[in-house]
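One structure is given below, encoded as structure tokens.
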Amino acid sequence: MEKYELEVLIRQSDGFGLGFTYYSEGNVDGPVTGMIYEKTFRDVDASDEEIINLLSSGYNYHSDNHRRVDAINSILDYWELPALEKTPDNIPVFDNYRDALAAFDKEKEFFVFKLKTHSVGKPNRPKRKFQPCGVITCMHNANEMCMIDECDMHIRMFRQEG
């Protein structure tokens with residue numbers, strides 16, 4: 001069973017990006033996966049379900065990492081933001097995305113937080129799907145589709161070759 005952990009909200013000029021981290025139950029120390037949604041959302045009054053439905057209509061990417069900070073940094077790297085040296089201390093917990101957006105400091109580029117629902121059950125998330133890898137040199141590429149679930153080359157090389 002997967003345990004969802006941290007949300008990473010990204011401020012963009014045309015809206016907000018979202019990523020999150022999760023790990024497999026029993027593997028608290030790693031590996032930790034960073035999940036990145038390609039789409040952004042603008043409506044800050046939308047429900048959590050509406051935000052997830054909008055984001056799930058685009059592609060999502062994932063990156064397997066050894067530590068939580070690496071998973072957060074894979075999300076920040078996708079949005080071309082500087083990496084963190086360590087996982088933030090005192091991570092706030094919110095009931096929903098609307099509350100988190102209201103607490104998002106307008107001077108910051110990103111915001112790391114938790115949702116309460118993560119501690120009691122699996123939140124609604126788009127499922128991973130096979131998608132164009134975008135990496136010419138990916139050894140798992142066949143017919144321009146990445147054929148394995150754990151390939152993270154499309155994260156590392158997305159901007160260089162994609």
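Each chain in the structure tokens gets a letter, A, B, ..., in the order shown, and its residues are numbered from 1; ligands are numbered from 1 in order too.
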
Proximity of stretch 42-90 of chain A to stretch 95-105 of chain A: per-residue shortest pair, 12 Å limit, only C-alpha atoms, as a tab-separated table:
```
residue	atom	partner	partner_atom	distance
A:Arg42	CA	A:Leu101	CA	11.0
A:Asp43	CA	A:Arg98	CA	9.8
A:Val44	CA	A:Arg98	CA	6.4
A:Asp45	CA	A:Arg98	CA	6.5
A:Ala46	CA	A:Arg98	CA	7.5
A:Ser47	CA	A:Arg98	CA	7.3
A:Asp48	CA	A:Tyr97	CA	6.1
A:Glu49	CA	A:Tyr97	CA	9.9
A:Glu50	CA	A:Tyr97	CA	10.7
A:Ile51	CA	A:Tyr97	CA	8.6
A:Ile52	CA	A:Tyr97	CA	10.3
```

Restricting the output to N, CA and C atoms, write the selected residues as an mmCIF file, in the first residue's frame.
```cif
data_model
loop_
_atom_site.group_PDB
_atom_site.id
_atom_site.type_symbol
_atom_site.label_atom_id
_atom_site.label_comp_id
_atom_site.auth_asym_id
_atom_site.auth_seq_id
_atom_site.Cartn_x
_atom_site.Cartn_y
_atom_site.Cartn_z
ATOM 1 N N ARG A 42 -5.919 27.393 -11.917
ATOM 2 C CA ARG A 42 -6.034 28.821 -11.584
ATOM 3 C C ARG A 42 -7.075 29.092 -10.512
ATOM 4 N N ASP A 43 -8.155 28.325 -10.512
ATOM 5 C CA ASP A 43 -9.301 28.605 -9.646
ATOM 6 C C ASP A 43 -8.997 28.200 -8.206
ATOM 7 N N VAL A 44 -8.714 29.188 -7.358
ATOM 8 C CA VAL A 44 -8.361 28.889 -5.972
ATOM 9 C C VAL A 44 -9.576 28.501 -5.142
ATOM 10 N N ASP A 45 -10.782 28.729 -5.656
ATOM 11 C CA ASP A 45 -11.991 28.337 -4.932
ATOM 12 C C ASP A 45 -12.516 26.971 -5.359
ATOM 13 N N ALA A 46 -11.797 26.293 -6.246
ATOM 14 C CA ALA A 46 -12.228 24.973 -6.702
ATOM 15 C C ALA A 46 -12.109 23.967 -5.565
ATOM 16 N N SER A 47 -12.936 22.937 -5.609
ATOM 17 C CA SER A 47 -12.844 21.869 -4.608
ATOM 18 C C SER A 47 -11.618 21.004 -4.912
ATOM 19 N N ASP A 48 -11.216 20.216 -3.926
ATOM 20 C CA ASP A 48 -10.081 19.318 -4.139
ATOM 21 C C ASP A 48 -10.346 18.376 -5.307
ATOM 22 N N GLU A 49 -11.569 17.874 -5.403
ATOM 23 C CA GLU A 49 -11.941 16.957 -6.481
ATOM 24 C C GLU A 49 -11.816 17.646 -7.844
ATOM 25 N N GLU A 50 -12.259 18.897 -7.955
ATOM 26 C CA GLU A 50 -12.164 19.636 -9.220
ATOM 27 C C GLU A 50 -10.703 19.865 -9.613
ATOM 28 N N ILE A 51 -9.853 20.175 -8.622
ATOM 29 C CA ILE A 51 -8.425 20.381 -8.903
ATOM 30 C C ILE A 51 -7.800 19.091 -9.419
ATOM 31 N N ILE A 52 -8.057 17.980 -8.741
ATOM 32 C CA ILE A 52 -7.488 16.691 -9.155
ATOM 33 C C ILE A 52 -7.997 16.289 -10.530
#
```

What is the atom CA of A:Arg68-atom CA of A:Leu81 distance in Å, reported with one decimal?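 Computing it gives 16.6 Å between the two atoms.
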
Tell me which of A:Gly17, A:Ile75, A:Glu5, A:Ile10 sits closest to A:Lys108, counting only C-alpha atoms. A:Ile10

So that I can see what lies close to A:Arg67, please list as a list in words the residues with an atom at most 9 Å from it, counting only C-alpha atoms and leaving out residues fewer than 2 positions away in the same chain.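 Near A:Arg67, the qualifying residues are Asp29, Gly30, Pro31, Val32, Thr33, Asn65, Val69, Asp70, Ala71 and Ile72 of chain A.
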
Identify, with DSSP run on backbone atoms, the residues in stretch 4-97 of chain A assigned to helix (DSSP H, G or I), and express the list as a list in words.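 So the helix (DSSP H, G or I) residues in stretch 4-97 of chain A would be Asp48, Glu49, Glu50, Ile51, Ile52, Asn53, Leu54, Leu55, Ser56, Arg68, Val69, Asp70, Ala71, Ile72, Asn73, Ser74, Ile75, Leu76, Asp77, Tyr78 and Tyr97 of chain A.
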
For a test of reading the model, state the distance in Å between atom CA of A:Glu7 and atom CA of A:Tyr23, rounded to one decimal. 13.0 Å

Fewer than 2 positions away in the same chain doesn't count, so skip those; otherwise give me all residues within 12 Å of A:Lys39, counting only C-alpha atoms, as a list in words.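 The filter keeps Ile10, Gln12, Asp14, Gly15, Phe16, Gly17, Leu18, Gly19, Ile36, Tyr37, Phe41, Arg42, Ile51, Ile52, Asn53, Leu54, Leu55, Ser56, Ser57, Gly58, Tyr59, Asn60, Tyr61, Tyr78 and Trp79 of chain A.
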
Find the residues near A:Val8: any atom within 7 Å, counting only C-alpha atoms, skip ones fewer than 4 places away on the same chain, and give them as a ChimeraX atom specification. /A:18-20,110-113

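Atom CA of A:Gly34 is positioned 14.9 Å from atom CA of A:Glu80.
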